[in-house]
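Structure data follow from model-v4.pdb (PDB, C-alpha atoms):
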```pdb
ATOM      1  CA  MET A   1      -2.167 -24.324 -32.078
ATOM      2  CA  LEU A   2      -0.644 -20.936 -31.244
ATOM      3  CA  THR A   3      -3.132 -19.253 -33.565
ATOM      4  CA  ARG A   4      -6.069 -20.850 -31.724
ATOM      5  CA  ILE A   5      -4.698 -19.687 -28.377
ATOM      6  CA  LEU A   6      -4.238 -16.131 -29.632
ATOM      7  CA  ILE A   7      -7.715 -16.037 -31.150
ATOM      8  CA  SER A   8      -9.212 -17.339 -27.900
ATOM      9  CA  PHE A   9      -7.277 -14.729 -25.938
ATOM     10  CA  PHE A  10      -8.524 -11.859 -28.111
ATOM     11  CA  ILE A  11     -12.110 -13.131 -27.944
ATOM     12  CA  MET A  12     -11.914 -13.210 -24.127
ATOM     13  CA  ILE A  13     -10.508  -9.670 -24.069
ATOM     14  CA  PHE A  14     -13.276  -8.479 -26.397
ATOM     15  CA  ILE A  15     -16.003 -10.105 -24.295
ATOM     16  CA  ALA A  16     -14.558  -8.667 -21.093
ATOM     17  CA  ALA A  17     -14.383  -5.186 -22.625
ATOM     18  CA  CYS A  18     -17.971  -5.380 -23.865
ATOM     19  CA  GLY A  19     -19.235  -6.585 -20.504
ATOM     20  CA  SER A  20     -18.104  -3.562 -18.521
ATOM     21  CA  SER A  21     -20.013  -0.283 -18.464
ATOM     22  CA  PRO A  22     -19.628   3.077 -16.694
ATOM     23  CA  LYS A  23     -21.279   3.421 -13.305
ATOM     24  CA  GLU A  24     -24.186   5.778 -12.870
ATOM     25  CA  ASP A  25     -23.850   8.765 -10.573
ATOM     26  CA  ALA A  26     -26.881   9.893  -8.623
ATOM     27  CA  GLY A  27     -25.132  13.161  -7.803
ATOM     28  CA  ALA A  28     -25.108  14.901  -4.452
ATOM     29  CA  ASP A  29     -28.832  15.689  -4.601
ATOM     30  CA  GLY A  30     -29.857  12.305  -5.976
ATOM     31  CA  ALA A  31     -31.201  13.972  -9.148
ATOM     32  CA  GLY A  32     -28.901  12.127 -11.483
ATOM     33  CA  GLY A  33     -26.409  14.705 -12.740
ATOM     34  CA  SER A  34     -24.744  13.621 -15.971
ATOM     35  CA  GLY A  35     -25.515   9.974 -15.304
ATOM     36  CA  LEU A  36     -21.858   8.866 -15.457
ATOM     37  CA  THR A  37     -18.848   8.991 -13.181
ATOM     38  CA  SER A  38     -15.269   8.741 -14.215
ATOM     39  CA  VAL A  39     -12.861   6.383 -12.563
ATOM     40  CA  ASP A  40      -9.238   7.390 -12.855
ATOM     41  CA  TYR A  41      -6.638   4.821 -13.762
ATOM     42  CA  THR A  42      -2.874   5.125 -13.748
ATOM     43  CA  SER A  43      -0.848   4.677 -16.927
ATOM     44  CA  ASP A  44      -0.421   0.981 -16.138
ATOM     45  CA  GLY A  45      -4.169   0.358 -15.808
ATOM     46  CA  VAL A  46      -4.383   0.365 -11.997
ATOM     47  CA  LYS A  47      -7.263   2.216 -10.374
ATOM     48  CA  ALA A  48      -5.818   5.459  -8.992
ATOM     49  CA  GLY A  49      -5.824   5.996  -5.228
ATOM     50  CA  THR A  50      -6.105   2.304  -4.340
ATOM     51  CA  GLY A  51      -3.829  -0.045  -2.438
ATOM     52  CA  ASP A  52      -2.630  -1.514  -5.731
ATOM     53  CA  ASP A  53      -1.746   1.969  -6.965
ATOM     54  CA  LEU A  54       0.285   2.614  -3.818
ATOM     55  CA  ILE A  55       2.117  -0.720  -4.045
ATOM     56  CA  ILE A  56       2.861  -0.597  -7.785
ATOM     57  CA  ASN A  57       3.484   3.090  -8.421
ATOM     58  CA  VAL A  58       4.848   4.380  -5.101
ATOM     59  CA  GLY A  59       5.841   1.484  -2.840
ATOM     60  CA  ASP A  60       4.167   0.460   0.381
ATOM     61  CA  ARG A  61       7.080  -0.498   2.675
ATOM     62  CA  ILE A  62      10.261   0.636   4.290
ATOM     63  CA  PHE A  63      12.980  -1.456   5.910
ATOM     64  CA  PHE A  64      14.973  -1.189   9.125
ATOM     65  CA  GLU A  65      18.295  -2.314  10.480
ATOM     66  CA  PHE A  66      18.467  -5.008  13.163
ATOM     67  CA  ALA A  67      16.870  -3.943  16.484
ATOM     68  CA  SER A  68      16.248  -0.410  15.153
ATOM     69  CA  HIS A  69      13.324   1.839  14.407
ATOM     70  CA  GLU A  70      15.450   4.627  12.910
ATOM     71  CA  LEU A  71      14.574   5.764   9.388
ATOM     72  CA  ASN A  72      17.517   5.669   6.996
ATOM     73  CA  GLY A  73      17.801   7.875   3.897
ATOM     74  CA  GLU A  74      16.172   5.318   1.623
ATOM     75  CA  ALA A  75      13.195   4.997   3.989
ATOM     76  CA  GLN A  76      12.832   8.771   4.155
ATOM     77  CA  GLU A  77      12.779   9.023   0.345
ATOM     78  CA  GLN A  78      10.133   6.306   0.195
ATOM     79  CA  LEU A  79       8.005   8.091   2.790
ATOM     80  CA  GLN A  80       8.294  11.385   0.902
ATOM     81  CA  ALA A  81       6.806   9.620  -2.130
ATOM     82  CA  GLN A  82       4.046   8.108   0.035
ATOM     83  CA  ALA A  83       3.229  11.503   1.567
ATOM     84  CA  ALA A  84       2.959  13.078  -1.894
ATOM     85  CA  TRP A  85       0.665  10.230  -2.963
ATOM     86  CA  MET A  86      -1.503  10.693   0.145
ATOM     87  CA  LYS A  87      -1.791  14.422  -0.539
ATOM     88  CA  GLN A  88      -2.952  13.612  -4.069
ATOM     89  CA  TYR A  89      -5.616  11.211  -2.734
ATOM     90  CA  SER A  90      -6.946  13.096   0.275
ATOM     91  CA  ASN A  91      -9.716  10.577   0.968
ATOM     92  CA  VAL A  92      -7.280   7.691   1.561
ATOM     93  CA  THR A  93      -6.493   6.444   5.054
ATOM     94  CA  LEU A  94      -3.681   4.074   5.933
ATOM     95  CA  THR A  95      -2.880   1.549   8.594
ATOM     96  CA  VAL A  96       0.850   1.364   9.189
ATOM     97  CA  GLU A  97       1.929  -2.150  10.138
ATOM     98  CA  GLY A  98       5.143  -2.677  12.097
ATOM     99  CA  HIS A  99       6.997  -5.979  11.593
ATOM    100  CA  CYS A 100      10.151  -7.655  12.897
ATOM    101  CA  ASP A 101      12.309 -10.637  12.080
ATOM    102  CA  GLU A 102      12.039 -13.877  14.061
ATOM    103  CA  ARG A 103      14.795 -13.109  16.543
ATOM    104  CA  GLY A 104      13.879 -11.885  20.014
ATOM    105  CA  THR A 105      10.915 -12.558  22.251
ATOM    106  CA  ARG A 106       7.339 -12.019  21.160
ATOM    107  CA  GLU A 107       6.957  -9.114  23.589
ATOM    108  CA  TYR A 108      10.171  -7.411  22.446
ATOM    109  CA  ASN A 109       9.176  -7.700  18.787
ATOM    110  CA  ILE A 110       5.639  -6.385  19.373
ATOM    111  CA  ALA A 111       7.144  -3.301  21.061
ATOM    112  CA  LEU A 112       9.775  -2.868  18.325
ATOM    113  CA  GLY A 113       7.148  -3.281  15.595
ATOM    114  CA  GLU A 114       5.065  -0.571  17.261
ATOM    115  CA  ARG A 115       8.070   1.798  17.365
ATOM    116  CA  ARG A 116       8.676   1.116  13.665
ATOM    117  CA  ALA A 117       5.057   1.812  12.763
ATOM    118  CA  GLN A 118       5.082   4.986  14.882
ATOM    119  CA  ALA A 119       8.334   6.160  13.253
ATOM    120  CA  MET A 120       6.730   5.804   9.819
ATOM    121  CA  LYS A 121       3.510   7.490  10.951
ATOM    122  CA  ASN A 122       5.342  10.383  12.613
ATOM    123  CA  TYR A 123       7.489  10.999   9.544
ATOM    124  CA  LEU A 124       4.397  11.083   7.305
ATOM    125  CA  ILE A 125       2.746  13.541   9.715
ATOM    126  CA  GLY A 126       5.880  15.683   9.586
ATOM    127  CA  LEU A 127       5.488  15.756   5.793
ATOM    128  CA  GLY A 128       1.945  17.111   6.057
ATOM    129  CA  VAL A 129      -0.283  14.019   6.207
ATOM    130  CA  THR A 130      -2.907  14.566   8.903
ATOM    131  CA  ALA A 131      -2.784  12.212  11.877
ATOM    132  CA  ASP A 132      -6.453  11.249  11.545
ATOM    133  CA  ARG A 133      -5.634   9.509   8.247
ATOM    134  CA  LEU A 134      -3.061   7.190   9.856
ATOM    135  CA  SER A 135      -3.341   4.366  12.357
ATOM    136  CA  THR A 136      -0.740   1.859  13.518
ATOM    137  CA  ILE A 137      -0.580  -1.787  14.495
ATOM    138  CA  SER A 138       2.320  -4.037  15.377
ATOM    139  CA  TYR A 139       2.523  -7.653  14.327
ATOM    140  CA  GLY A 140       6.007  -8.173  15.739
ATOM    141  CA  LYS A 141       7.392 -11.380  14.272
ATOM    142  CA  GLU A 142       3.972 -12.965  13.674
ATOM    143  CA  ARG A 143       3.627 -12.141   9.959
ATOM    144  CA  PRO A 144       6.926 -12.646   8.163
ATOM    145  CA  ALA A 145       7.107 -11.560   4.525
ATOM    146  CA  VAL A 146       9.855 -14.107   3.876
ATOM    147  CA  LEU A 147      10.334 -17.426   5.653
ATOM    148  CA  GLY A 148      13.802 -18.458   6.669
ATOM    149  CA  SER A 149      16.538 -17.968   9.214
ATOM    150  CA  SER A 150      19.071 -15.992   7.211
ATOM    151  CA  GLU A 151      20.045 -12.337   6.903
ATOM    152  CA  ALA A 152      18.336 -12.246   3.493
ATOM    153  CA  ALA A 153      15.023 -13.307   5.055
ATOM    154  CA  TRP A 154      15.429 -11.236   8.218
ATOM    155  CA  SER A 155      16.168  -8.043   6.274
ATOM    156  CA  GLN A 156      12.849  -8.355   4.390
ATOM    157  CA  ASN A 157      10.926  -8.948   7.625
ATOM    158  CA  ARG A 158      12.271  -5.851   9.448
ATOM    159  CA  ARG A 159       9.751  -3.488   7.887
ATOM    160  CA  ALA A 160       6.827  -1.135   8.179
ATOM    161  CA  VAL A 161       4.060  -1.436   5.599
ATOM    162  CA  ALA A 162       1.385   1.085   4.586
ATOM    163  CA  VAL A 163      -1.965  -0.604   3.950
ATOM    164  CA  VAL A 164      -4.798   1.349   2.344
ATOM    165  CA  ASN A 165      -8.003   1.042   4.397
TER     166      ASN A 165
END
```
Any chance you could put this one into structure tokens?
Amino acid sequence: MLTRILISFFIMIFIAACGSSPKEDAGADGAGGSGLTSVDYTSDGVKAGTGDDLIINVGDRIFFEFASHELNGEAQEQLQAQAAWMKQYSNVTLTVEGHCDERGTREYNIALGERRAQAMKNYLIGLGVTADRLSTISYGKERPAVLGSSEAAWSQNRRAVAVVN
């Protein structure tokens, strides 16, 4: 039984590999150029410069203390890695989402989420990312990453997240 499963798996991999082909490149003048483009992939098979690349190889979020928008040392290290990644992929733009835990009013959390998103954006700008590549939005407490009314859940919801546009 295990042999059949493995054989089926390898056949599916082979078919999938045979079914994909390089994309053609018309070139800047539309004349055709070499006819092929290259797509870069990271060592783990993720397309370079994409949202998946950011999430898997750099990290897309930072976390905050209760009722704070101050960046701690861990957040600053994470943002330094994100800034380096953005410099490597100069065509990428991000939306920075600000989030809060469930405590507090909707209005308070929308304002706090905006301050968190702005803190992340401003730090990235300070590291050399141009402002026109960054936008912000606050979701307040409306989009929790983790459901629950505990410190474990709240700590995961007090965050700012970089989303590749």
Q) What do you get, as JSON, numbers by chain, if you spell out every residue that the PyMOL selection byres ((chain A and resi 129) around 10) selects here? A) {"A": [82, 83, 84, 85, 86, 87, 90, 93, 121, 122, 123, 124, 125, 126, 127, 128, 130, 131, 132, 133, 134]}
Once you count all atoms listed in the file, what closest atom pair and distance in Å to one decimal does each residue of stretch 25-119 of chain A within 6 Å of stretch 149-159 of chain A have, with rows by chain and rising residue number, as a Markdown table?
```
| residue | atom | partner | partner_atom | distance |
| --- | --- | --- | --- | --- |
| A:Ile62 | CA | A:Arg159 | CA | 5.5 |
| A:Phe63 | CA | A:Arg159 | CA | 4.3 |
| A:Phe64 | CA | A:Arg158 | CA | 5.4 |
| A:His99 | CA | A:Arg159 | CA | 5.2 |
| A:Cys100 | CA | A:Arg158 | CA | 4.4 |
| A:Asp101 | CA | A:Asn157 | CA | 5.0 |
```
(Q) For this structure, which residues satisfy the selection - the PyMOL selection byres ((chain A and resi 94) around 7) - when it is evaluated on the file as given? I want them as a list of chain:residue names. (A) A:Val92, A:Thr93, A:Thr95, A:Val96, A:Arg133, A:Leu134, A:Ser135, A:Ala162, A:Val163, A:Val164, A:Asn165
Q) Expressed in Å to a single decimal, how great is the separation between atom CA of A:Glu65 and atom CA of A:Ala160? A) 11.8 Å
Q: Would you mind telling me which residue in A:Glu142, A:Asp44, A:Glu70, A:Asp52 lies nearest to A:Thr105 when using all atoms listed in the file?
A: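 Counting all atoms listed in the file, the residue closest to A:Thr105 is A:Glu142.
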Q | Residue nearest A:Tyr89 - candidates A:Ala145, A:Asp53, A:Ser43, A:Tyr139, atoms counted: all atoms listed in the file | A | A:Asp53
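The space separating atom CA of A:Gly51 from atom CA of A:Ala117 comes to 17.7 Å.
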Q: Rank nothing, just name the residue among A:Glu107, A:Asp60, A:Gln118, A:Glu102 nearest to A:Pro144, using all atoms listed in the file.
A: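 Nearest candidate to A:Pro144 out of A:Glu107, A:Asp60, A:Gln118, A:Glu102: A:Glu102.
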